[in-house]
$ cat start.tsv   # TSV, C-alpha atoms
chain	number	residue	atom	x	y	z
A	339	MET	CA	9.66	-99.93	-27.56
A	340	LEU	CA	8.62	-100.88	-24.05
A	341	GLU	CA	5.31	-99.14	-24.65
A	342	LEU	CA	4.73	-101.23	-27.77
A	343	ILE	CA	5.56	-104.43	-25.90
A	344	GLU	CA	3.24	-103.44	-23.04
A	345	GLN	CA	0.46	-102.91	-25.61
A	346	GLY	CA	0.85	-106.50	-26.76
A	347	VAL	CA	2.87	-106.02	-29.95
A	348	ASP	CA	4.66	-109.32	-30.57
A	349	THR	CA	6.97	-108.33	-33.44
A	350	LEU	CA	9.25	-105.28	-33.53
A	351	PHE	CA	11.10	-104.17	-36.67
A	352	TYR	CA	14.13	-101.93	-36.14
A	353	PRO	CA	16.63	-102.29	-39.01
A	354	CYS	CA	20.32	-101.41	-38.94
A	355	LEU	CA	21.34	-98.87	-41.57
A	356	THR	CA	25.06	-98.51	-42.16
A	357	TYR	CA	24.45	-96.04	-44.99
A	358	ASN	CA	21.91	-93.27	-45.40
A	359	VAL	CA	20.46	-92.20	-48.75
A	360	ASP	CA	23.26	-90.84	-50.92
A	361	GLU	CA	22.62	-87.11	-51.32
A	362	LYS	CA	25.79	-86.62	-53.44
A	363	ALA	CA	27.03	-83.95	-51.04
A	364	GLY	CA	30.01	-85.54	-49.26
A	365	ASP	CA	32.84	-88.03	-49.48
A	366	ASN	CA	30.46	-90.78	-48.36
A	367	HIS	CA	26.99	-91.17	-46.85
A	368	PHE	CA	27.28	-93.16	-43.64
A	369	ASN	CA	24.89	-92.95	-40.74
A	370	CYS	CA	26.70	-92.31	-37.47
A	371	PRO	CA	27.33	-95.51	-35.45
A	372	VAL	CA	24.54	-94.79	-32.95
A	373	VAL	CA	21.91	-94.25	-35.64
A	374	ALA	CA	23.23	-97.15	-37.73
A	375	TYR	CA	23.45	-99.85	-35.09
A	376	TYR	CA	21.29	-98.85	-32.13
A	377	ALA	CA	19.13	-101.91	-32.69
A	378	GLU	CA	22.16	-104.10	-31.94
A	379	LEU	CA	22.64	-102.28	-28.64
A	380	LEU	CA	18.98	-102.74	-27.73
A	381	ASN	CA	19.05	-106.41	-28.63
A	382	GLY	CA	21.97	-106.97	-26.30
A	383	ASN	CA	20.62	-104.95	-23.38
A	384	MET	CA	16.79	-105.02	-23.29
A	385	GLU	CA	15.53	-108.09	-21.48
A	386	ALA	CA	11.97	-107.32	-22.61
A	387	LEU	CA	12.95	-108.09	-26.20
A	388	ARG	CA	13.39	-111.74	-25.24
A	389	ASN	CA	9.59	-111.99	-25.07
A	390	VAL	CA	8.92	-110.75	-28.63
A	391	ARG	CA	10.21	-111.32	-32.11
A	392	PHE	CA	12.76	-108.56	-32.69
A	393	LEU	CA	13.79	-108.09	-36.32
A	394	TYR	CA	16.85	-105.92	-36.90
A	395	PRO	CA	18.17	-106.77	-40.37
A	396	TYR	CA	20.92	-104.80	-42.07
A	397	LEU	CA	19.25	-102.90	-44.91
A	398	ASP	CA	20.68	-100.97	-47.85
A	399	ILE	CA	18.58	-97.86	-48.61
A	400	SER	CA	20.91	-96.44	-51.25
A	401	SER	CA	18.43	-97.25	-54.04
A	402	PRO	CA	15.02	-98.92	-54.53
A	403	ARG	CA	16.68	-101.98	-56.05
A	404	ALA	CA	19.17	-102.33	-53.19
A	405	LEU	CA	16.48	-101.92	-50.56
A	406	THR	CA	14.21	-104.47	-52.24
A	407	ARG	CA	17.08	-106.96	-52.35
A	408	SER	CA	17.92	-106.58	-48.66
A	409	LEU	CA	14.38	-106.09	-47.33
A	410	THR	CA	12.68	-109.06	-49.01
A	411	PRO	CA	14.38	-111.85	-47.00
A	412	ALA	CA	13.98	-109.83	-43.79
A	413	LEU	CA	10.22	-109.56	-44.27
A	414	GLN	CA	9.87	-113.13	-45.46
A	415	ALA	CA	11.45	-114.23	-42.18
A	416	ALA	CA	8.42	-112.69	-40.48
A	417	ASP	CA	5.85	-113.79	-43.06
A	418	ALA	CA	6.77	-116.28	-45.77
A	419	SER	CA	3.77	-115.28	-47.87
A	420	ILE	CA	5.29	-111.87	-48.68
A	421	GLY	CA	6.51	-111.87	-52.28
A	422	LYS	CA	9.36	-109.93	-53.86
A	423	GLY	CA	6.98	-108.09	-56.20
A	424	GLU	CA	4.96	-106.88	-53.23
A	425	VAL	CA	8.12	-105.63	-51.53
A	426	ARG	CA	9.31	-103.95	-54.74
A	427	ALA	CA	6.03	-102.04	-55.08
A	428	ALA	CA	6.11	-100.98	-51.43
A	429	VAL	CA	9.73	-99.83	-51.69
A	430	GLN	CA	8.98	-97.79	-54.80
A	431	ALA	CA	6.03	-96.14	-53.05
A	432	GLY	CA	8.25	-95.45	-50.07
A	433	PHE	CA	10.95	-93.74	-52.13
A	434	GLU	CA	8.33	-91.64	-53.89
A	435	ALA	CA	6.85	-90.60	-50.54
A	436	TYR	CA	10.33	-89.74	-49.23
A	437	GLU	CA	10.96	-87.56	-52.27
A	438	ARG	CA	7.66	-85.75	-51.73
A	439	TYR	CA	8.56	-85.24	-48.08
A	440	LYS	CA	11.95	-83.72	-48.97
A	441	ASN	CA	10.34	-81.41	-51.51
A	442	ASP	CA	7.71	-80.31	-49.00
A	443	LEU	CA	10.38	-79.71	-46.34
A	444	ARG	CA	12.48	-77.59	-48.68
A	445	ALA	CA	9.47	-75.64	-49.88
A	446	GLU	CA	8.54	-74.89	-46.27
A	447	GLY	CA	12.10	-73.74	-45.57
A	448	GLU	CA	11.99	-71.39	-48.53
A	449	ARG	CA	8.56	-70.13	-47.44
A	450	ALA	CA	9.87	-69.39	-43.94
A	451	ILE	CA	12.88	-67.54	-45.35
A	452	ALA	CA	10.65	-65.48	-47.65
A	453	TYR	CA	8.38	-64.64	-44.68
A	454	ALA	CA	11.37	-63.57	-42.55
A	455	ARG	CA	12.71	-61.26	-45.24
A	456	ALA	CA	9.30	-59.79	-46.02
A	457	HIS	CA	8.88	-58.94	-42.32
A	458	ARG	CA	12.53	-57.97	-41.67
A	459	LYS	CA	13.11	-60.75	-39.16
A	460	ARG	CA	16.32	-62.61	-38.41
A	461	ILE	CA	16.56	-66.24	-39.52
A	462	MET	CA	17.94	-68.94	-37.24
A	463	ILE	CA	19.03	-72.29	-38.62
A	464	LEU	CA	18.63	-74.61	-35.64
A	465	ALA	CA	20.94	-77.37	-36.77
A	466	GLY	CA	21.24	-80.81	-35.28
A	467	ARG	CA	20.01	-84.31	-36.01
A	468	PRO	CA	16.53	-85.70	-36.67
A	469	TYR	CA	16.11	-86.96	-33.11
A	470	HIS	CA	16.47	-83.42	-31.77
A	471	THR	CA	12.86	-82.85	-32.82
A	472	ASP	CA	11.81	-85.17	-29.99
A	473	PRO	CA	10.32	-82.82	-27.35
A	474	GLU	CA	12.07	-84.81	-24.60
A	475	ILE	CA	15.41	-83.95	-26.23
A	476	GLY	CA	14.88	-80.57	-27.91
A	477	HIS	CA	12.96	-79.12	-24.93
A	478	GLY	CA	11.23	-76.45	-27.02
A	479	ILE	CA	14.39	-74.53	-27.94
A	480	ASP	CA	12.81	-73.74	-31.32
A	481	LYS	CA	9.83	-72.07	-29.64
A	482	LEU	CA	12.19	-70.13	-27.37
A	483	ALA	CA	14.07	-68.82	-30.41
A	484	VAL	CA	10.78	-67.79	-32.05
A	485	SER	CA	9.80	-65.91	-28.88
A	486	LEU	CA	13.02	-63.92	-29.21
A	487	GLY	CA	12.03	-62.80	-32.70
A	488	PHE	CA	13.80	-65.34	-34.91
A	489	VAL	CA	12.22	-67.26	-37.75
A	490	VAL	CA	13.48	-70.81	-37.18
A	491	VAL	CA	14.30	-73.35	-39.86
A	492	SER	CA	16.10	-76.70	-39.70
A	493	GLU	CA	19.34	-77.46	-41.50
A	494	ASP	CA	17.69	-80.00	-43.82
A	495	ALA	CA	15.12	-77.39	-44.89
A	496	VAL	CA	17.77	-75.00	-46.25
A	497	CYS	CA	20.96	-76.97	-46.98
A	498	HIS	CA	19.86	-77.43	-50.60
A	499	LEU	CA	20.20	-73.64	-51.03
A	500	ALA	CA	23.97	-73.76	-50.54
A	501	PRO	CA	26.49	-75.28	-52.95
A	502	VAL	CA	28.22	-78.57	-52.19
A	503	GLN	CA	31.61	-77.64	-50.80
A	504	LYS	CA	34.94	-79.16	-49.91
A	505	VAL	CA	35.64	-79.07	-46.19
A	506	HIS	CA	38.82	-79.72	-44.25
A	507	VAL	CA	37.66	-83.00	-42.74
A	508	LEU	CA	36.55	-86.35	-44.11
A	509	ASP	CA	32.92	-85.57	-44.96
A	510	GLN	CA	31.39	-89.04	-44.74
A	511	TRP	CA	28.20	-88.70	-42.66
A	512	THR	CA	24.94	-87.61	-44.28
A	513	PHE	CA	23.70	-85.53	-41.32
A	514	HIS	CA	27.02	-83.68	-41.14
A	515	SER	CA	27.08	-82.96	-44.86
A	516	ARG	CA	23.73	-81.21	-44.40
A	517	LEU	CA	25.13	-79.32	-41.43
A	518	TYR	CA	28.12	-77.99	-43.38
A	519	ARG	CA	25.92	-76.82	-46.25
A	520	ALA	CA	23.53	-75.14	-43.82
A	521	ALA	CA	26.48	-73.37	-42.20
A	522	ARG	CA	27.58	-72.19	-45.64
A	523	TYR	CA	24.10	-70.84	-46.29
A	524	ALA	CA	24.24	-68.89	-43.02
A	525	ALA	CA	27.68	-67.58	-43.92
A	526	MET	CA	26.35	-66.37	-47.28
A	527	HIS	CA	23.48	-64.30	-45.83
A	528	GLU	CA	23.70	-61.39	-43.42
A	529	ASP	CA	20.25	-62.00	-41.94
A	530	THR	CA	20.86	-65.68	-41.12
A	531	GLU	CA	22.52	-67.26	-38.07
A	532	LEU	CA	23.21	-70.90	-37.27
A	533	VAL	CA	22.92	-72.48	-33.82
A	534	GLN	CA	24.24	-76.02	-33.49
A	535	LEU	CA	22.56	-78.47	-31.13
A	536	VAL	CA	24.84	-81.09	-29.58
A	537	SER	CA	23.68	-83.94	-27.37
A	538	PHE	CA	24.69	-87.30	-25.94
A	539	GLY	CA	28.37	-86.34	-25.96
A	540	CYS	CA	28.64	-87.38	-29.60
A	541	GLY	CA	32.32	-87.98	-30.35
A	542	VAL	CA	31.98	-87.05	-34.01
A	543	ASP	CA	30.78	-83.57	-33.00
A	544	ALA	CA	34.34	-82.85	-31.88
A	545	ILE	CA	35.00	-82.66	-35.62
A	546	THR	CA	31.78	-81.01	-36.78
A	547	THR	CA	31.91	-78.17	-34.26
A	548	ASP	CA	35.36	-77.04	-35.39
A	549	GLU	CA	34.40	-77.23	-39.05
A	550	VAL	CA	31.09	-75.39	-38.61
A	551	ARG	CA	32.84	-72.72	-36.54
A	552	GLU	CA	35.41	-72.21	-39.29
A	553	ILE	CA	32.75	-71.96	-42.01
A	554	LEU	CA	30.84	-69.31	-40.04
A	555	GLU	CA	33.78	-67.31	-38.74
A	556	SER	CA	35.32	-67.11	-42.20
A	557	SER	CA	32.39	-64.79	-42.98
A	558	GLN	CA	32.53	-62.96	-39.63
A	559	LYS	CA	29.57	-64.92	-38.29
A	560	TYR	CA	29.10	-65.91	-34.65
A	561	TYR	CA	29.25	-69.59	-33.78
A	562	THR	CA	26.76	-70.67	-31.10
A	563	GLN	CA	26.57	-74.20	-29.73
A	564	LEU	CA	23.91	-75.48	-27.32
A	565	LYS	CA	24.72	-78.64	-25.38
A	566	ILE	CA	21.36	-80.11	-24.49
A	567	ASP	CA	22.35	-83.28	-22.62
A	568	GLU	CA	19.96	-83.80	-19.72
A	569	VAL	CA	18.68	-80.22	-19.92
A	570	THR	CA	15.19	-79.51	-18.65
A	571	ASN	CA	15.59	-75.87	-17.55
A	572	LEU	CA	15.94	-73.53	-20.52
A	573	GLY	CA	17.35	-70.68	-18.44
A	574	ALA	CA	20.92	-71.17	-19.63
A	575	VAL	CA	19.77	-71.63	-23.22
A	576	LYS	CA	17.76	-68.39	-23.03
A	577	ILE	CA	20.86	-66.54	-21.80
A	578	ARG	CA	22.94	-67.91	-24.70
A	579	LEU	CA	20.37	-66.97	-27.32
A	580	ARG	CA	19.78	-63.53	-25.80
A	581	SER	CA	23.54	-63.00	-25.80
A	582	LEU	CA	23.65	-63.92	-29.49
A	583	LEU	CA	20.78	-61.52	-30.19
A	584	GLY	CA	22.50	-58.74	-28.20
A	585	ALA	CA	25.75	-59.24	-30.11
A	586	LEU	CA	23.91	-59.09	-33.42
A	587	GLU	CA	22.08	-55.91	-32.46
A	588	GLU	CA	25.30	-54.31	-31.26
A	589	ARG	CA	26.96	-55.16	-34.53
A	590	GLY	CA	23.97	-53.63	-36.33

$ encode --input "start.tsv" --output "structure tokens"
Amino acid sequence: MLELIEQGVDTLFYPCLTYNVDEKAGDNHFNCPVVAYYAELLNGNMEALRNVRFLYPYLDISSPRALTRSLTPALQAADASIGKGEVRAAVQAGFEAYERYKNDLRAEGERAIAYARAHRKRIMILAGRPYHTDPEIGHGIDKLAVSLGFVVVSEDAVCHLAPVQKVHVLDQWTFHSRLYRAARYAAMHEDTELVQLVSFGCGVDAITTDEVREILESSQKYYTQLKIDEVTNLGAVKIRLRSLLGALEERG
């Protein structure tokens, strides 16, 4: 955001999203508080935002109609010439693009799995949250896993291959619902392991880690967690993944 401001951008749009898209896979479909309301935190703590127009409306992305209804006044606050029909058309195009993206992601996950099985390679589901793909946060752990012989996929590329399940906790966050289904997929397949990425000391992960561990260990799978807060040296991560690989090879 600072980079945008330094480049002369005078309007920033960073909406608050209490709910994610409803994937019909849990008890509810909240975003976690950090993802949902980070714009509020920035507004209260970034002095640089005082020099630009910072738009952070609360949007409802549960359906095209709901998003159009909540997005129209937010955009009209920035430009009164924007009409509801224009917003409706843009929202519809956005939902269609999102659906294509999800289909492409799932197809790529299935392609990677097929490749791994054709070449007798182990599959690693590297499970976390979307922001873990940021190279400043993920630190290339995926490439490290590939160098150790794993074919790596993300949880949202394979979770559709496992059935929706009842878990022992209140399953109300979209990212976590994907995580539980991905863990179930790993538990269902002998050639698949799941490694959970945890960062920023997320309080909710105190719940998810126990649940994912139980899902995996119920099928005699190993549970591996990588805490990547402030990590820049992958030495410890390499030891953990090599230990996992050694345990798998010993088990045969």

$ residues_around --input "start.tsv" --residues "Ala377 (chain A)" --least-positions-apart "2" --cutoff "7 Å" --atoms "all atoms listed in the file" --output "list in words"
Tyr352, Pro353, Cys354, Tyr375, Leu379, Leu380, Asn381 and Tyr394 of chain A

$ write_last_selection --input "start.tsv" --atoms "C-alpha atoms" --output "PDB file, in the frame of the given file"
ATOM      1  CA  TYR A 352      14.130-101.930 -36.140  1.00  0.00           C
ATOM      2  CA  PRO A 353      16.630-102.290 -39.010  1.00  0.00           C
ATOM      3  CA  CYS A 354      20.320-101.410 -38.940  1.00  0.00           C
ATOM      4  CA  TYR A 375      23.450 -99.850 -35.090  1.00  0.00           C
ATOM      5  CA  LEU A 379      22.640-102.280 -28.640  1.00  0.00           C
ATOM      6  CA  LEU A 380      18.980-102.740 -27.730  1.00  0.00           C
ATOM      7  CA  ASN A 381      19.050-106.410 -28.630  1.00  0.00           C
ATOM      8  CA  TYR A 394      16.850-105.920 -36.900  1.00  0.00           C
TER       9      TYR A 394
END

$ residues_around --input "start.tsv" --residues "Ile451 (chain A)" --least-positions-apart "3" --cutoff "12 Å" --atoms "only C-alpha atoms" --output "list of chain:residue names"
A:Arg444, A:Ala445, A:Glu446, A:Gly447, A:Glu448, A:Ala454, A:Arg455, A:Ala456, A:His457, A:Arg458, A:Lys459, A:Arg460, A:Ile461, A:Met462, A:Ile463, A:Phe488, A:Val489, A:Val490, A:Val491, A:Ser492, A:Ala495, A:Val496, A:Leu499, A:Tyr523, A:Ala524, A:His527, A:Asp529, A:Thr530

$ residues_near_point --input "start.tsv" --point "(10.5, -81.8, -23.5)" --cutoff "12 Å" --atoms "all atoms listed in the file" --output "ChimeraX atom specification"
/A:470-481,566-572

$ write_last_selection --input "start.tsv" --atoms "C-alpha atoms" --output "PDB file, keeping the file's coordinate frame"
ATOM      1  CA  HIS A 470      16.470 -83.420 -31.770  1.00  0.00           C
ATOM      2  CA  THR A 471      12.860 -82.850 -32.820  1.00  0.00           C
ATOM      3  CA  ASP A 472      11.810 -85.170 -29.990  1.00  0.00           C
ATOM      4  CA  PRO A 473      10.320 -82.820 -27.350  1.00  0.00           C
ATOM      5  CA  GLU A 474      12.070 -84.810 -24.600  1.00  0.00           C
ATOM      6  CA  ILE A 475      15.410 -83.950 -26.230  1.00  0.00           C
ATOM      7  CA  GLY A 476      14.880 -80.570 -27.910  1.00  0.00           C
ATOM      8  CA  HIS A 477      12.960 -79.120 -24.930  1.00  0.00           C
ATOM      9  CA  GLY A 478      11.230 -76.450 -27.020  1.00  0.00           C
ATOM     10  CA  ILE A 479      14.390 -74.530 -27.940  1.00  0.00           C
ATOM     11  CA  ASP A 480      12.810 -73.740 -31.320  1.00  0.00           C
ATOM     12  CA  LYS A 481       9.830 -72.070 -29.640  1.00  0.00           C
ATOM     13  CA  ILE A 566      21.360 -80.110 -24.490  1.00  0.00           C
ATOM     14  CA  ASP A 567      22.350 -83.280 -22.620  1.00  0.00           C
ATOM     15  CA  GLU A 568      19.960 -83.800 -19.720  1.00  0.00           C
ATOM     16  CA  VAL A 569      18.680 -80.220 -19.920  1.00  0.00           C
ATOM     17  CA  THR A 570      15.190 -79.510 -18.650  1.00  0.00           C
ATOM     18  CA  ASN A 571      15.590 -75.870 -17.550  1.00  0.00           C
ATOM     19  CA  LEU A 572      15.940 -73.530 -20.520  1.00  0.00           C
TER      20      LEU A 572
END

$ residues_around --input "start.tsv" --residues "region 543-558 of chain A" --least-positions-apart "4" --cutoff "12 Å" --atoms "all atoms listed in the file" --output "ChimeraX atom specification"
/A:370,465-467,503-511,513-528,530-539,562-565,586,589

$ closest_residue --input "start.tsv" --among "A:Leu340, A:Ala363, A:Leu350, A:Ala404" --to "Val502 (chain A)" --atoms "all atoms listed in the file"
A:Ala363

$ residues_near_point --input "start.tsv" --point "(8.8, -105.7, -22.5)" --cutoff "12 Å" --atoms "all atoms listed in the file" --output "list of chain:residue names"
A:Met339, A:Leu340, A:Glu341, A:Leu342, A:Ile343, A:Glu344, A:Gln345, A:Gly346, A:Val347, A:Asp348, A:Thr349, A:Leu350, A:Leu380, A:Asn381, A:Asn383, A:Met384, A:Glu385, A:Ala386, A:Leu387, A:Arg388, A:Asn389, A:Val390, A:Arg391, A:Phe392

$ closest_residue --input "start.tsv" --among "A:Lys576, A:Thr410, A:Gly584, A:Tyr436" --to "Lys422 (chain A)" --atoms "all atoms listed in the file"
A:Thr410

$ closest_residue --input "start.tsv" --among "A:Phe351, A:Asn441, A:Leu413, A:Val372" --to "Cys540 (chain A)" --atoms "only C-alpha atoms"
A:Val372

$ build_atoms --input "start.tsv" --residues "region 470-488 of chain A" --atoms "N, CA, C and O atoms" --output "compact mmCIF listing (two decimals), in the coordinates of the input"
# COMPACT_ATOMS: atom_id res chain seq x y z
N HIS A 470 16.61 -84.63 -32.57
CA HIS A 470 16.47 -83.42 -31.77
C HIS A 470 15.06 -82.84 -31.83
O HIS A 470 14.71 -81.96 -31.04
N THR A 471 14.25 -83.31 -32.77
CA THR A 471 12.86 -82.85 -32.82
C THR A 471 12.01 -83.50 -31.74
O THR A 471 10.90 -83.04 -31.47
N ASP A 472 12.51 -84.55 -31.11
CA ASP A 472 11.81 -85.17 -29.99
C ASP A 472 11.70 -84.15 -28.86
O ASP A 472 12.71 -83.63 -28.39
N PRO A 473 10.48 -83.84 -28.39
CA PRO A 473 10.32 -82.82 -27.35
C PRO A 473 11.06 -83.15 -26.05
O PRO A 473 11.40 -82.24 -25.29
N GLU A 474 11.33 -84.44 -25.80
CA GLU A 474 12.07 -84.81 -24.60
C GLU A 474 13.57 -84.54 -24.76
O GLU A 474 14.32 -84.60 -23.79
N ILE A 475 14.00 -84.24 -25.97
CA ILE A 475 15.41 -83.95 -26.23
C ILE A 475 15.61 -82.48 -26.58
O ILE A 475 16.51 -81.82 -26.06
N GLY A 476 14.75 -81.96 -27.47
CA GLY A 476 14.88 -80.57 -27.91
C GLY A 476 14.37 -79.55 -26.91
O GLY A 476 14.78 -78.39 -26.94
N HIS A 477 13.44 -79.97 -26.04
CA HIS A 477 12.96 -79.12 -24.93
C HIS A 477 12.37 -77.78 -25.37
O HIS A 477 12.38 -76.83 -24.60
N GLY A 478 11.88 -77.69 -26.60
CA GLY A 478 11.23 -76.45 -27.02
C GLY A 478 12.17 -75.30 -27.31
O GLY A 478 11.75 -74.13 -27.28
N ILE A 479 13.42 -75.60 -27.63
CA ILE A 479 14.39 -74.53 -27.94
C ILE A 479 13.94 -73.76 -29.17
O ILE A 479 14.16 -72.54 -29.28
N ASP A 480 13.31 -74.44 -30.12
CA ASP A 480 12.81 -73.74 -31.32
C ASP A 480 11.77 -72.68 -30.95
O ASP A 480 11.81 -71.56 -31.47
N LYS A 481 10.85 -73.03 -30.06
CA LYS A 481 9.83 -72.07 -29.64
C LYS A 481 10.45 -70.90 -28.87
O LYS A 481 10.00 -69.76 -29.00
N LEU A 482 11.48 -71.19 -28.08
CA LEU A 482 12.19 -70.13 -27.37
C LEU A 482 12.82 -69.15 -28.36
O LEU A 482 12.73 -67.92 -28.19
N ALA A 483 13.44 -69.68 -29.41
CA ALA A 483 14.07 -68.82 -30.41
C ALA A 483 13.02 -67.96 -31.12
O ALA A 483 13.25 -66.78 -31.39
N VAL A 484 11.86 -68.55 -31.41
CA VAL A 484 10.78 -67.79 -32.05
C VAL A 484 10.31 -66.66 -31.13
O VAL A 484 10.05 -65.54 -31.58
N SER A 485 10.24 -66.94 -29.82
CA SER A 485 9.80 -65.91 -28.88
C SER A 485 10.78 -64.74 -28.81
O SER A 485 10.41 -63.63 -28.40
N LEU A 486 12.02 -64.98 -29.20
CA LEU A 486 13.02 -63.92 -29.21
C LEU A 486 13.05 -63.16 -30.54
O LEU A 486 13.88 -62.28 -30.74
N GLY A 487 12.16 -63.54 -31.46
CA GLY A 487 12.03 -62.80 -32.70
C GLY A 487 12.63 -63.45 -33.93
O GLY A 487 12.57 -62.90 -35.03
N PHE A 488 13.21 -64.64 -33.77
CA PHE A 488 13.80 -65.34 -34.91
C PHE A 488 12.73 -66.12 -35.68
O PHE A 488 11.75 -66.59 -35.09
